[in-house]
Every structure is written in structure tokens, then in C-alpha cells.
file structure-v1.txt (compact mmCIF, C-alpha atoms)
# COMPACT_ATOMS: atom_id res chain seq x y z
CA MET D 134 67.08 -71.06 42.45
CA SER D 135 69.85 -70.75 45.03
CA ARG D 136 71.24 -67.33 45.82
CA ILE D 137 74.69 -66.15 46.79
CA ARG D 138 74.71 -63.25 49.23
CA THR D 139 77.85 -61.09 49.27
CA PRO D 140 78.78 -57.55 50.37
CA LEU D 141 78.06 -56.47 46.77
CA THR D 142 74.50 -57.78 46.74
CA ASP D 143 73.86 -56.14 50.11
CA LEU D 144 75.45 -52.84 49.03
CA VAL D 145 73.53 -52.45 45.78
CA GLY D 146 70.37 -54.40 46.55
CA ILE D 147 70.71 -56.94 43.75
CA GLU D 148 69.92 -60.66 43.88
CA HIS D 149 73.12 -62.05 42.39
CA PRO D 150 76.77 -60.88 42.53
CA VAL D 151 77.06 -60.48 38.76
CA VAL D 152 77.76 -57.15 37.03
CA GLN D 153 77.31 -56.27 33.36
CA THR D 154 79.91 -53.64 32.55
CA GLY D 155 79.29 -50.32 30.80
CA MET D 156 80.58 -51.17 27.32
CA GLY D 157 80.38 -48.31 24.83
CA TRP D 158 77.79 -48.86 22.07
CA VAL D 159 76.80 -52.18 23.73
CA ALA D 160 75.45 -51.45 27.21
CA GLY D 161 72.23 -49.73 26.22
CA ALA D 162 68.79 -49.73 27.80
CA ARG D 163 67.74 -53.17 26.55
CA LEU D 164 70.80 -55.01 27.85
CA VAL D 165 70.84 -53.13 31.16
CA ALA D 166 67.15 -53.75 31.83
CA ALA D 167 67.50 -57.44 30.95
CA THR D 168 70.45 -57.78 33.33
CA ALA D 169 68.61 -55.99 36.12
CA ASN D 170 65.50 -58.11 35.66
CA ALA D 171 67.69 -61.22 35.83
CA GLY D 172 68.95 -60.12 39.26
CA GLY D 173 72.33 -58.73 38.26
CA LEU D 174 73.67 -55.17 38.09
CA GLY D 175 73.41 -53.64 34.63
CA ILE D 176 75.44 -50.52 33.90
CA LEU D 177 74.58 -48.06 31.11
CA ALA D 178 77.51 -46.84 29.00
CA SER D 179 77.01 -43.08 28.89
CA ALA D 180 80.33 -42.13 27.26
CA THR D 181 78.94 -42.96 23.81
CA MET D 182 75.63 -41.16 24.46
CA THR D 183 74.73 -37.51 24.33
CA LEU D 184 73.10 -36.13 27.45
CA ASP D 185 69.68 -36.36 25.79
CA GLU D 186 70.35 -39.94 24.68
CA LEU D 187 71.36 -40.83 28.23
CA GLN D 188 68.09 -39.39 29.54
CA THR D 189 66.16 -41.46 27.00
CA ALA D 190 68.11 -44.59 27.94
CA VAL D 191 67.44 -44.07 31.65
CA ASP D 192 63.74 -43.58 30.93
CA LYS D 193 63.65 -46.83 28.95
CA VAL D 194 65.41 -48.81 31.68
CA LYS D 195 63.09 -47.45 34.37
CA ALA D 196 60.08 -48.32 32.21
CA ALA D 197 61.33 -51.91 31.83
CA THR D 198 62.45 -52.65 35.40
CA ASP D 199 62.17 -51.47 38.97
CA LYS D 200 65.46 -53.13 39.91
CA PRO D 201 68.71 -51.24 40.67
CA PHE D 202 71.01 -50.31 37.79
CA GLY D 203 73.97 -48.03 37.20
CA ILE D 204 75.49 -45.50 34.81
CA ASN D 205 79.13 -45.41 33.76
CA ILE D 206 80.44 -41.85 33.52
CA ARG D 207 83.74 -40.43 32.34
CA ALA D 208 84.88 -38.30 35.23
CA ASP D 209 86.95 -36.18 32.82
CA ALA D 210 84.07 -35.50 30.40
CA GLY D 211 83.22 -31.86 29.82
CA ASP D 212 79.61 -32.45 30.86
CA ALA D 213 80.34 -34.88 33.70
CA ASN D 214 78.55 -32.65 36.22
CA GLU D 215 75.39 -32.58 34.09
CA ARG D 216 75.48 -36.38 33.81
CA VAL D 217 75.87 -36.68 37.56
CA ASP D 218 72.93 -34.29 37.99
CA LEU D 219 70.84 -36.56 35.76
CA LEU D 220 71.93 -39.67 37.65
CA ILE D 221 71.01 -38.17 41.02
CA ARG D 222 67.77 -36.65 39.76
CA GLU D 223 66.61 -39.97 38.31
CA GLY D 224 67.48 -41.94 41.44
CA VAL D 225 69.95 -44.24 39.69
CA LYS D 226 71.50 -46.54 42.27
CA VAL D 227 75.12 -46.86 41.06
CA ALA D 228 77.68 -44.48 39.57
CA SER D 229 80.46 -46.34 37.80
CA PHE D 230 83.69 -44.71 36.62
CA ALA D 231 86.52 -45.85 34.35
CA LEU D 232 88.71 -43.01 35.61
CA ALA D 233 88.59 -42.35 39.34
CA PRO D 234 86.35 -39.42 40.28
CA LYS D 235 87.74 -36.78 42.62
CA PRO D 236 86.89 -36.96 46.34
CA GLU D 237 84.45 -34.03 46.04
CA LEU D 238 82.43 -35.84 43.37
CA ILE D 239 82.41 -39.06 45.38
CA ALA D 240 81.16 -37.15 48.41
CA ARG D 241 78.44 -35.45 46.38
CA LEU D 242 77.19 -38.78 45.02
CA LYS D 243 77.27 -40.48 48.40
CA ASP D 244 75.38 -37.59 49.99
CA ALA D 245 72.68 -38.27 47.40
CA GLY D 246 72.57 -41.95 48.33
CA VAL D 247 74.37 -43.15 45.20
CA VAL D 248 76.74 -46.14 45.40
CA VAL D 249 80.12 -45.19 43.86
CA ILE D 250 82.07 -47.97 42.13
CA PRO D 251 85.20 -46.93 40.18
CA SER D 252 87.18 -49.39 38.04
CA VAL D 253 90.87 -49.75 38.88
CA GLY D 254 93.84 -51.52 37.40
CA ALA D 255 96.28 -51.55 40.31
CA ALA D 256 96.30 -52.04 44.07
CA ARG D 257 97.50 -48.48 44.70
CA HIS D 258 94.53 -47.11 42.76
CA ALA D 259 92.16 -49.19 44.88
CA GLU D 260 93.79 -47.86 48.06
CA LYS D 261 93.44 -44.30 46.77
CA VAL D 262 89.73 -44.46 45.95
CA ALA D 263 89.03 -46.35 49.16
CA GLY D 264 90.59 -43.44 51.02
CA TRP D 265 88.42 -41.06 49.04
CA GLY D 266 85.24 -42.84 50.10
CA ALA D 267 84.38 -45.09 47.16
CA ASP D 268 81.92 -47.82 48.14
CA ALA D 269 83.44 -50.64 46.05
CA VAL D 270 85.81 -51.17 43.15
CA ILE D 271 85.88 -53.24 39.98
CA VAL D 272 89.35 -54.57 39.22
CA GLN D 273 90.04 -55.79 35.69
CA GLY D 274 92.94 -58.05 34.85
CA GLY D 275 94.73 -58.23 31.52
CA GLU D 276 92.34 -60.84 30.10
CA GLY D 277 89.60 -58.23 29.84
CA GLY D 278 88.54 -56.37 26.72
CA GLY D 279 89.02 -52.71 25.91
CA HIS D 280 91.68 -50.74 27.74
CA THR D 281 93.50 -53.15 29.97
CA GLY D 282 96.75 -53.68 31.85
CA PRO D 283 99.44 -56.36 31.64
CA VAL D 284 98.73 -58.14 34.95
CA PRO D 285 96.40 -61.18 34.82
CA THR D 286 93.36 -61.30 37.07
CA THR D 287 94.78 -64.20 39.10
CA LEU D 288 97.54 -61.89 40.37
CA LEU D 289 95.87 -58.48 40.24
CA LEU D 290 92.79 -59.55 42.20
CA PRO D 291 94.61 -60.86 45.30
CA SER D 292 96.94 -57.86 45.29
CA VAL D 293 93.94 -55.50 45.39
CA LEU D 294 92.14 -57.59 48.00
CA ASP D 295 95.20 -57.47 50.24
CA ALA D 296 95.58 -53.73 49.73
CA VAL D 297 92.03 -52.87 50.84
CA ARG D 298 91.45 -55.68 53.36
CA ASP D 299 91.39 -53.34 56.35
CA THR D 300 88.89 -50.99 54.69
CA GLY D 301 86.25 -53.68 54.19
CA MET D 302 85.56 -52.29 50.72
CA PRO D 303 83.98 -54.90 48.39
CA VAL D 304 86.08 -55.81 45.36
CA VAL D 305 84.45 -57.01 42.14
CA ALA D 306 86.64 -59.10 39.85
CA ALA D 307 86.70 -58.57 36.07
CA GLY D 308 88.77 -59.96 33.21
CA GLY D 309 88.36 -63.55 32.05
CA PHE D 310 85.02 -64.36 33.71
CA PHE D 311 82.20 -66.04 31.84
CA ASP D 312 80.70 -68.88 33.92
CA GLY D 313 79.94 -70.25 37.38
CA ARG D 314 83.41 -71.65 37.85
CA GLY D 315 84.80 -68.14 37.51
CA LEU D 316 82.33 -66.71 40.00
CA ALA D 317 83.14 -69.48 42.49
CA ALA D 318 86.86 -68.85 42.04
CA ALA D 319 86.47 -65.09 42.50
CA LEU D 320 84.47 -65.62 45.68
CA ALA D 321 87.13 -68.05 46.94
CA TYR D 322 89.75 -65.35 46.41
CA GLY D 323 87.65 -63.02 48.55
CA ALA D 324 85.93 -60.97 45.87
CA ALA D 325 82.32 -59.88 46.30
CA GLY D 326 81.28 -60.74 42.75
CA VAL D 327 82.32 -60.70 39.12
CA ALA D 328 81.89 -58.18 36.31
CA MET D 329 81.67 -59.29 32.68
CA GLY D 330 81.62 -57.43 29.38
CA THR D 331 82.16 -59.77 26.45
CA ARG D 332 79.97 -62.47 28.00
CA PHE D 333 77.04 -60.01 28.15
CA LEU D 334 77.80 -58.68 24.66
CA LEU D 335 77.28 -62.27 23.48
CA THR D 336 73.69 -62.64 24.69
CA LYS D 337 70.32 -62.49 22.96
CA ASP D 338 69.59 -59.25 24.78
CA SER D 339 72.62 -57.47 23.32
CA THR D 340 71.84 -55.18 20.36
CA VAL D 341 75.16 -55.94 18.65
CA PRO D 342 74.42 -57.19 15.09
CA ASP D 343 74.16 -60.97 14.73
CA ALA D 344 76.95 -61.06 12.14
CA VAL D 345 79.27 -59.34 14.61
CA LYS D 346 78.30 -61.75 17.37
CA ARG D 347 79.19 -64.63 15.03
CA ARG D 348 82.58 -62.99 14.42
CA TYR D 349 83.19 -63.03 18.17
CA LEU D 350 82.04 -66.65 18.52
CA GLU D 351 84.35 -67.72 15.69
CA ALA D 352 87.41 -66.27 17.46
CA GLY D 353 89.92 -68.61 19.07
CA LEU D 354 91.69 -68.08 22.36
CA ASP D 355 94.41 -66.38 20.30
CA GLY D 356 91.83 -64.30 18.44
CA THR D 357 92.46 -61.09 20.38
CA VAL D 358 95.47 -58.82 20.61
CA VAL D 359 96.47 -56.05 23.00
CA SER D 360 97.34 -53.25 20.63
CA THR D 361 98.66 -49.76 21.17
CA ARG D 362 98.13 -49.01 17.47
CA VAL D 363 94.44 -48.31 17.98
CA ASP D 364 94.54 -45.29 20.27
CA GLY D 365 97.93 -45.22 21.92
CA MET D 366 96.96 -47.15 25.04
CA PRO D 367 96.90 -50.94 25.53
CA HIS D 368 93.55 -51.98 24.07
CA ARG D 369 92.43 -55.62 23.79
CA VAL D 370 90.49 -56.10 20.57
CA LEU D 371 89.58 -58.83 18.11
CA ARG D 372 92.01 -59.37 15.27
CA THR D 373 90.03 -57.63 12.51
CA GLY D 374 91.44 -56.61 9.13
CA LEU D 375 91.95 -53.06 10.32
CA VAL D 376 93.74 -54.13 13.50
CA GLU D 377 95.97 -56.60 11.65
CA LYS D 378 96.88 -53.87 9.17
CA LEU D 379 97.78 -51.49 11.96
CA GLU D 380 99.73 -54.13 13.90
CA SER D 381 101.75 -55.46 10.98
CA GLY D 382 102.36 -52.22 9.15
CA SER D 383 105.20 -49.75 9.47
CA PRO D 384 104.61 -46.53 11.41
CA ILE D 385 104.13 -44.72 8.09
CA ARG D 386 101.56 -47.28 6.93
CA GLY D 387 99.89 -47.06 10.32
CA PHE D 388 99.67 -43.30 10.00
CA THR D 389 98.23 -43.60 6.50
CA ALA D 390 95.61 -46.07 7.69
CA ALA D 391 94.79 -43.81 10.62
CA VAL D 392 94.30 -40.79 8.36
CA ARG D 393 92.19 -42.84 5.95
CA ASN D 394 89.95 -44.03 8.78
CA ALA D 395 89.80 -40.56 10.25
CA GLN D 396 88.48 -39.32 6.90
CA LYS D 397 86.04 -42.22 6.71
CA PHE D 398 84.45 -41.48 10.07
CA LYS D 399 84.89 -37.71 10.25
CA LYS D 400 81.51 -37.06 8.68
CA MET D 401 79.79 -39.28 11.22
CA THR D 402 81.36 -37.47 14.15
CA GLY D 403 80.78 -34.00 12.75
CA MET D 404 84.35 -33.23 13.80
CA THR D 405 86.55 -30.88 11.79
CA TRP D 406 90.24 -31.47 11.21
CA ARG D 407 90.87 -28.47 13.46
CA SER D 408 88.92 -30.02 16.37
CA MET D 409 90.60 -33.39 15.81
CA ILE D 410 94.07 -31.83 15.92
CA ARG D 411 93.12 -29.87 19.05
CA ASP D 412 91.92 -33.05 20.74
CA GLY D 413 95.04 -34.82 19.54
CA LEU D 414 97.34 -32.25 21.10
CA GLU D 415 95.46 -32.69 24.38
CA MET D 416 95.85 -36.48 24.16
CA ARG D 417 99.58 -36.25 23.45
CA ARG D 418 100.18 -34.09 26.51
CA GLY D 419 101.95 -36.28 29.06
CA LYS D 420 101.74 -39.39 26.88
CA ASP D 421 104.15 -40.93 24.42
CA LEU D 422 101.74 -41.18 21.50
CA THR D 423 102.46 -41.12 17.78
CA TRP D 424 100.28 -38.93 15.59
CA ALA D 425 98.80 -42.11 14.09
CA GLN D 426 97.69 -43.13 17.58
CA VAL D 427 96.38 -39.64 18.28
CA ILE D 428 94.25 -39.61 15.14
CA MET D 429 92.95 -43.09 15.87
CA ALA D 430 92.22 -42.13 19.48
CA ALA D 431 90.11 -39.22 18.31
CA ASN D 432 88.12 -41.65 16.18
CA THR D 433 88.11 -44.73 18.41
CA PRO D 434 84.47 -44.27 19.52
CA MET D 435 83.41 -44.15 15.87
CA LEU D 436 85.59 -47.13 14.98
CA LEU D 437 83.92 -49.07 17.77
CA LYS D 438 80.52 -47.91 16.53
CA ALA D 439 81.34 -49.11 13.01
CA GLY D 440 81.85 -52.63 14.30
CA LEU D 441 79.49 -52.92 17.26
CA VAL D 442 76.55 -50.95 15.87
CA GLU D 443 76.88 -50.92 12.10
CA GLY D 444 78.37 -54.39 11.76
CA ASN D 445 81.44 -53.43 9.72
CA THR D 446 83.92 -55.91 11.19
CA GLU D 447 86.73 -55.05 8.78
CA ALA D 448 86.70 -51.25 9.05
CA GLY D 449 85.77 -51.16 12.72
CA VAL D 450 87.36 -52.04 16.04
CA LEU D 451 85.82 -54.76 18.20
CA ALA D 452 86.86 -54.56 21.84
CA SER D 453 86.92 -58.07 23.28
CA GLY D 454 88.06 -60.03 26.27
CA GLN D 455 89.94 -63.27 25.74
CA VAL D 456 86.81 -65.17 26.80
CA ALA D 457 85.47 -64.74 23.26
CA GLY D 458 87.71 -67.66 22.35
CA ILE D 459 85.89 -70.04 24.70
CA LEU D 460 82.26 -68.96 24.17
CA ASP D 461 79.94 -70.71 21.74
CA ASP D 462 76.40 -69.69 22.66
CA LEU D 463 74.04 -66.70 22.92
CA PRO D 464 71.86 -67.13 26.02
CA SER D 465 69.46 -64.53 27.32
CA CYS D 466 70.66 -62.52 30.32
CA ALA D 467 68.18 -64.44 32.49
CA GLU D 468 69.50 -67.80 31.27
CA LEU D 469 73.10 -66.67 31.64
CA ILE D 470 72.85 -65.39 35.21
CA GLU D 471 70.74 -68.34 36.35
CA GLN D 472 73.29 -70.79 34.95
CA ILE D 473 76.27 -68.90 36.37
CA VAL D 474 74.81 -68.78 39.87
CA ALA D 475 73.69 -72.42 39.80
CA ASP D 476 77.12 -73.59 38.62
CA ALA D 477 78.89 -71.40 41.16
CA VAL D 478 76.80 -72.86 43.99
CA ARG D 479 77.60 -76.37 42.79
CA HIS D 480 81.33 -75.67 42.61
CA LEU D 481 81.40 -73.95 46.00
CA LYS D 482 79.58 -76.86 47.62
CA GLY D 483 81.94 -79.27 45.92
CA ALA D 484 84.93 -77.37 47.29
CA VAL D 485 83.50 -77.40 50.81
CA ALA D 486 83.01 -81.17 50.55
CA LEU D 487 86.78 -81.55 50.12
CA VAL D 488 87.44 -80.09 53.55
CA GLU D 489 88.17 -82.53 56.37
CA GLU D 490 87.96 -81.31 59.95

call {"tool": "encode", "arguments": {"input": "structure-v1.txt", "output": "C-alpha cells"}}
result
Amino acid sequence: MSRIRTPLTDLVGIEHPVVQTGMGWVAGARLVAATANAGGLGILASATMTLDELQTAVDKVKAATDKPFGINIRADAGDANERVDLLIREGVKVASFALAPKPELIARLKDAGVVVIPSVGAARHAEKVAGWGADAVIVQGGEGGGHTGPVPTTLLLPSVLDAVRDTGMPVVAAGGFFDGRGLAAALAYGAAGVAMGTRFLLTKDSTVPDAVKRRYLEAGLDGTVVSTRVDGMPHRVLRTGLVEKLESGSPIRGFTAAVRNAQKFKKMTGMTWRSMIRDGLEMRRGKDLTWAQVIMAANTPMLLKAGLVEGNTEAGVLASGQVAGILDDLPSCAELIEQIVADAVRHLKGAVALVEE
């Protein structure tokens, strides 16, 4: 099998420039280990794990592979320092962040030999974390699932590459990638690799219930929507019954649905109404959120769990990139990465053959 060497593969010590993102409730030990063993970079999603669950997941990954892997951490989490302690103690290679960590935290991780890779959604954010010492960045365009911005990858990626060109910092492209053509295109732009979420969710190694995977595979290219009715921020999700109800309803109906779902999942979270309102006030601070959005935001992790873990596609929320509308198979991680790299090599060679000196 041919290999593609990039600054990302050299930085992390992986075989192929392919990253599996830290999707909540999806990126567990089995998927991460399978990705690592296939030569890519698997990233554990720690935001939906307790500290003890994260320790168990790390133990399982290390028992299944000796390859590098990463952990995604919320820099604003109350126990972020404890999670960083665990990451360093266990010798995990990569620390991934959805929200940029402060310079002091980046320095602490780098002093411990950890590779720091925040995700960014704008060129100015990439410039900022590069100045703070981040080793690489993942940049996700609007095609991606979960919280996303309005700028497509084809415009966001080159803007970020231009912004950090002088720093030499590797840029990993995310949003809309699913095959070797995408990897070849990203490399042609100047990226050091691609990161994929939905494509890895739709593999045999993903623990998402089969019925939910079928729901993703049945979606068309118009089967997702970027909604602010879920948690107040732009969030690309599949068009489930719950999402359609929130999108089409009046603000009052949206609030009613939010309260109903808050009641439905409150027992699972162990949250009280008092704690939910306290969290809601914190979320509203500095943001233009309705109370319906605040209540949904407090329950979004549980709504995602309902769909991605428990298989309730109508009561839950299913974060999804637009690529769901073009996928029709469930390969293993090994099959997926092998095919992506082989196709990328073929397309890159084909492009070179077009050049006349």
C-alpha cells in the first residue's frame, strides 16, 4: 500500500494523514483503536465521558493498539485540568480542543511532549493559536456536522492556509471529506491531511446502533439542516422529527418542545431544574439565546445520546455532516483508510500527469 507523508504524519507519528474526529457518544475506545490500527489518528471524545469513563476508555485503547491516538477536551470544562493530568500521565500523544486552550495550558502540554491540535473556524483563530504555540489546527468548513460556521471548506481552508503560511503550522481540513478525492484536493490546497466525523461514524467499527446508521445512509444531500433551534448555536444535524418540529414551529411551540424534552431527559442527566436554570443563565450570558435554546442546550448531550447511543431517531438529535447524503456503505476503518489513501494517490498521480514542462 502506498503512503502519503505530510507534516501531520511526521508530527504525530501516524502512517496516513487521516483523522477521526472526537464526536460525542461516537468516538469511543473501539472506534479510536480501529482508526489507530488502520494508520490514522483516532481521537477520543471526552466531553461525554466522566473522568473515570475517560480513564477506562484510554485503558481500552492502549490495550488494543500501540499506535498514537488523541483525546478531545473541552478547555472550559470544570475538570479540564484533571483531564489534562490524565492525558499526560497516560502518555497520550495528541490533545485536541474544540475551544482554544489558553497559552499556559498549551505550554504545559507541550512541555510534557503532547501535540496540541485545536479546531478553529476562522483564519484569525488559527493565527491566534499559532501565536500561542499550538502544533497544528483542524479547520472545519460549513459542510461539517455538529457546531459549524457559514463558510464552506473550499473558501475557509485557503484563507487559513494563507493566514498561517509563515508559521509553518500544519493545517488539517475538515467538513465535506469522505474519500480519496477529498484527501487529494485538500493536499493540493496545501493542507497536511483531512479530518472526518460522519464518515467514521458510518463504519463497522462505530458503536452507533445499526438502525441509526441506516437513517444516516437514507439521508439525501438535502437531509441535513443547520439549526439554531437545537442549542442556540448553528448546529448541522439530520432532519429528524424533533428537529423538524423545532424548525417549523413558532417560538412558543419550540419552547414547549424544549421543556418537554428537558423533562424527558432530566432523569437521565440527574440534573435538577435549579441546576438547569443556573446553567442556562450562564449560557445566555453574552449570547442572544432564547430560553427554548437555553433549555435545549442544557440537554443537547442527552439528546445526542438518545439518537447516537439509544437509537431513538425521532426524540434525539443526530449531528451530521452533509456527506451523509452521498454515503452508501459501512466499511471497516481499515478498509476505509486503505481505500482513501489508494484513491488519493491515484488522483494525485493523475493530476501530476497533466503537467507539461

call {"tool": "atom_distance", "arguments": {"input": "structure-v1.txt", "atom1": "atom CA of D:Arg163", "atom2": "atom CA of D:Ile221"}}
result
21.1 Å

call {"tool": "atom_distance", "arguments": {"input": "structure-v1.txt", "atom1": "atom CA of D:Gly374", "atom2": "atom CA of D:Leu441"}}
result
14.9 Å

call {"tool": "closest_residue", "arguments": {"input": "structure-v1.txt", "among": "D:Ala296, D:Met134, D:Leu460, D:Ala228", "to": "D:Thr331", "atoms": "all atoms listed in the file"}}
result
D:Leu460

call {"tool": "residues_around", "arguments": {"input": "structure-v1.txt", "residues": "D:Leu232", "least_positions_apart": "2", "cutoff": "9 Å", "atoms": "all atoms listed in the file", "output": "JSON, numbers by chain"}}
result
{"D": [206, 207, 208, 209, 230, 234, 251, 252, 253]}

call {"tool": "residues_around", "arguments": {"input": "structure-v1.txt", "residues": "D:Trp158", "least_positions_apart": "3", "cutoff": "10 Å", "atoms": "all atoms listed in the file", "output": "PyMOL selection string"}}
result
chain D and resi 155+161+177-182+340-341+434-435+437-442

call {"tool": "residues_around", "arguments": {"input": "structure-v1.txt", "residues": "D:Tyr349", "least_positions_apart": "3", "cutoff": "6 Å", "atoms": "all atoms listed in the file", "output": "NGL selection string"}}
result
:D and (346 or 352 or 457)

call {"tool": "atom_distance", "arguments": {"input": "structure-v1.txt", "atom1": "atom CA of D:Leu288", "atom2": "atom CA of D:Ala486"}}
result
26.2 Å

call {"tool": "residues_around", "arguments": {"input": "structure-v1.txt", "residues": "stretch 474-479 of chain D", "least_positions_apart": "2", "cutoff": "9 Å", "atoms": "only C-alpha atoms", "output": "PDB file with C-alpha atoms, in the coordinates of the input"}}
result
ATOM      1  CA  MET D 134      67.080 -71.060  42.450  1.00  0.00           C
ATOM      2  CA  SER D 135      69.850 -70.750  45.030  1.00  0.00           C
ATOM      3  CA  ARG D 136      71.240 -67.330  45.820  1.00  0.00           C
ATOM      4  CA  ILE D 137      74.690 -66.150  46.790  1.00  0.00           C
ATOM      5  CA  HIS D 149      73.120 -62.050  42.390  1.00  0.00           C
ATOM      6  CA  PRO D 150      76.770 -60.880  42.530  1.00  0.00           C
ATOM      7  CA  VAL D 151      77.060 -60.480  38.760  1.00  0.00           C
ATOM      8  CA  ASP D 312      80.700 -68.880  33.920  1.00  0.00           C
ATOM      9  CA  GLY D 313      79.940 -70.250  37.380  1.00  0.00           C
ATOM     10  CA  ARG D 314      83.410 -71.650  37.850  1.00  0.00           C
ATOM     11  CA  GLY D 315      84.800 -68.140  37.510  1.00  0.00           C
ATOM     12  CA  LEU D 316      82.330 -66.710  40.000  1.00  0.00           C
ATOM     13  CA  ALA D 317      83.140 -69.480  42.490  1.00  0.00           C
ATOM     14  CA  ALA D 318      86.860 -68.850  42.040  1.00  0.00           C
ATOM     15  CA  LEU D 469      73.100 -66.670  31.640  1.00  0.00           C
ATOM     16  CA  ILE D 470      72.850 -65.390  35.210  1.00  0.00           C
ATOM     17  CA  GLU D 471      70.740 -68.340  36.350  1.00  0.00           C
ATOM     18  CA  GLN D 472      73.290 -70.790  34.950  1.00  0.00           C
ATOM     19  CA  LEU D 481      81.400 -73.950  46.000  1.00  0.00           C
ATOM     20  CA  LYS D 482      79.580 -76.860  47.620  1.00  0.00           C
ATOM     21  CA  GLY D 483      81.940 -79.270  45.920  1.00  0.00           C
ATOM     22  CA  ALA D 484      84.930 -77.370  47.290  1.00  0.00           C
TER      23      ALA D 484
END

call {"tool": "residues_around", "arguments": {"input": "structure-v1.txt", "residues": "stretch 215-220 of chain D", "least_positions_apart": "3", "cutoff": "8 Å", "atoms": "all atoms listed in the file", "output": "PDB file with C-alpha atoms, keeping the file's coordinate frame"}}
result
ATOM      1  CA  LEU D 184      73.100 -36.130  27.450  1.00  0.00           C
ATOM      2  CA  GLN D 188      68.090 -39.390  29.540  1.00  0.00           C
ATOM      3  CA  ILE D 204      75.490 -45.500  34.810  1.00  0.00           C
ATOM      4  CA  ILE D 206      80.440 -41.850  33.520  1.00  0.00           C
ATOM      5  CA  ASP D 212      79.610 -32.450  30.860  1.00  0.00           C
ATOM      6  CA  GLU D 223      66.610 -39.970  38.310  1.00  0.00           C
ATOM      7  CA  GLY D 224      67.480 -41.940  41.440  1.00  0.00           C
ATOM      8  CA  VAL D 225      69.950 -44.240  39.690  1.00  0.00           C
ATOM      9  CA  ALA D 228      77.680 -44.480  39.570  1.00  0.00           C
ATOM     10  CA  LEU D 242      77.190 -38.780  45.020  1.00  0.00           C
TER      11      LEU D 242
END

call {"tool": "residues_near_point", "arguments": {"input": "structure-v1.txt", "point": "(76.3, -62.7, 22.5)", "cutoff": "10 Å", "atoms": "only C-alpha atoms", "output": "PyMOL selection string"}}
result
chain D and resi 331-343+345-347+349-350+457+460-466

call {"tool": "closest_residue", "arguments": {"input": "structure-v1.txt", "among": "D:Ala196, D:Ala344, D:Ala231, D:Val327", "to": "D:Ala210", "atoms": "only C-alpha atoms"}}
result
D:Ala231

call {"tool": "closest_residue", "arguments": {"input": "structure-v1.txt", "among": "D:Thr287, D:Asp268, D:Gly444, D:Gln273", "to": "D:Tyr322", "atoms": "all atoms listed in the file"}}
result
D:Thr287

call {"tool": "closest_residue", "arguments": {"input": "structure-v1.txt", "among": "D:Gly275, D:Gly175, D:Gly254, D:Gly309", "to": "D:Ser292", "atoms": "only C-alpha atoms"}}
result
D:Gly254

call {"tool": "build_atoms", "arguments": {"input": "structure-v1.txt", "residues": "stretch 321-335 of chain D", "atoms": "N, CA, C and O atoms", "output": "PDB file, keeping the file's coordinate frame"}}
result
ATOM      1  N   ALA D 321      86.120 -67.374  46.126  1.00  0.00           N
ATOM      2  CA  ALA D 321      87.130 -68.050  46.940  1.00  0.00           C
ATOM      3  C   ALA D 321      88.333 -67.159  47.192  1.00  0.00           C
ATOM      4  O   ALA D 321      88.942 -67.210  48.267  1.00  0.00           O
ATOM      5  N   TYR D 322      88.661 -66.311  46.212  1.00  0.00           N
ATOM      6  CA  TYR D 322      89.750 -65.350  46.410  1.00  0.00           C
ATOM      7  C   TYR D 322      89.393 -64.329  47.481  1.00  0.00           C
ATOM      8  O   TYR D 322      90.264 -63.776  48.137  1.00  0.00           O
ATOM      9  N   GLY D 323      88.098 -64.044  47.616  1.00  0.00           N
ATOM     10  CA  GLY D 323      87.650 -63.020  48.550  1.00  0.00           C
ATOM     11  C   GLY D 323      86.906 -61.884  47.889  1.00  0.00           C
ATOM     12  O   GLY D 323      86.530 -60.912  48.551  1.00  0.00           O
ATOM     13  N   ALA D 324      86.692 -61.995  46.575  1.00  0.00           N
ATOM     14  CA  ALA D 324      85.930 -60.970  45.870  1.00  0.00           C
ATOM     15  C   ALA D 324      84.463 -61.039  46.253  1.00  0.00           C
ATOM     16  O   ALA D 324      83.980 -62.055  46.764  1.00  0.00           O
ATOM     17  N   ALA D 325      83.739 -59.950  45.970  1.00  0.00           N
ATOM     18  CA  ALA D 325      82.320 -59.880  46.300  1.00  0.00           C
ATOM     19  C   ALA D 325      81.424 -60.159  45.098  1.00  0.00           C
ATOM     20  O   ALA D 325      80.200 -60.089  45.204  1.00  0.00           O
ATOM     21  N   GLY D 326      82.036 -60.457  43.959  1.00  0.00           N
ATOM     22  CA  GLY D 326      81.280 -60.740  42.750  1.00  0.00           C
ATOM     23  C   GLY D 326      82.166 -60.625  41.537  1.00  0.00           C
ATOM     24  O   GLY D 326      83.378 -60.403  41.650  1.00  0.00           O
ATOM     25  N   VAL D 327      81.567 -60.821  40.364  1.00  0.00           N
ATOM     26  CA  VAL D 327      82.320 -60.700  39.120  1.00  0.00           C
ATOM     27  C   VAL D 327      81.610 -59.706  38.199  1.00  0.00           C
ATOM     28  O   VAL D 327      80.392 -59.528  38.246  1.00  0.00           O
ATOM     29  N   ALA D 328      82.408 -59.060  37.354  1.00  0.00           N
ATOM     30  CA  ALA D 328      81.890 -58.180  36.310  1.00  0.00           C
ATOM     31  C   ALA D 328      82.317 -58.730  34.969  1.00  0.00           C
ATOM     32  O   ALA D 328      83.456 -59.176  34.809  1.00  0.00           O
ATOM     33  N   MET D 329      81.398 -58.707  33.995  1.00  0.00           N
ATOM     34  CA  MET D 329      81.670 -59.290  32.680  1.00  0.00           C
ATOM     35  C   MET D 329      81.203 -58.335  31.590  1.00  0.00           C
ATOM     36  O   MET D 329      80.140 -57.730  31.698  1.00  0.00           O
ATOM     37  N   GLY D 330      82.000 -58.234  30.534  1.00  0.00           N
ATOM     38  CA  GLY D 330      81.620 -57.430  29.380  1.00  0.00           C
ATOM     39  C   GLY D 330      81.304 -58.289  28.185  1.00  0.00           C
ATOM     40  O   GLY D 330      80.163 -58.371  27.744  1.00  0.00           O
ATOM     41  N   THR D 331      82.328 -58.965  27.654  1.00  0.00           N
ATOM     42  CA  THR D 331      82.160 -59.770  26.450  1.00  0.00           C
ATOM     43  C   THR D 331      81.081 -60.834  26.614  1.00  0.00           C
ATOM     44  O   THR D 331      80.308 -61.086  25.685  1.00  0.00           O
ATOM     45  N   ARG D 332      80.987 -61.451  27.788  1.00  0.00           N
ATOM     46  CA  ARG D 332      79.970 -62.470  28.000  1.00  0.00           C
ATOM     47  C   ARG D 332      78.567 -61.877  27.837  1.00  0.00           C
ATOM     48  O   ARG D 332      77.672 -62.527  27.264  1.00  0.00           O
ATOM     49  N   PHE D 333      78.345 -60.641  28.309  1.00  0.00           N
ATOM     50  CA  PHE D 333      77.040 -60.010  28.150  1.00  0.00           C
ATOM     51  C   PHE D 333      76.826 -59.489  26.727  1.00  0.00           C
ATOM     52  O   PHE D 333      75.695 -59.445  26.243  1.00  0.00           O
ATOM     53  N   LEU D 334      77.911 -59.065  26.076  1.00  0.00           N
ATOM     54  CA  LEU D 334      77.800 -58.680  24.660  1.00  0.00           C
ATOM     55  C   LEU D 334      77.260 -59.855  23.852  1.00  0.00           C
ATOM     56  O   LEU D 334      76.442 -59.674  22.944  1.00  0.00           O
ATOM     57  N   LEU D 335      77.694 -61.064  24.201  1.00  0.00           N
ATOM     58  CA  LEU D 335      77.280 -62.270  23.480  1.00  0.00           C
ATOM     59  C   LEU D 335      76.062 -62.903  24.156  1.00  0.00           C
ATOM     60  O   LEU D 335      76.113 -64.034  24.647  1.00  0.00           O
TER      61      LEU D 335
END
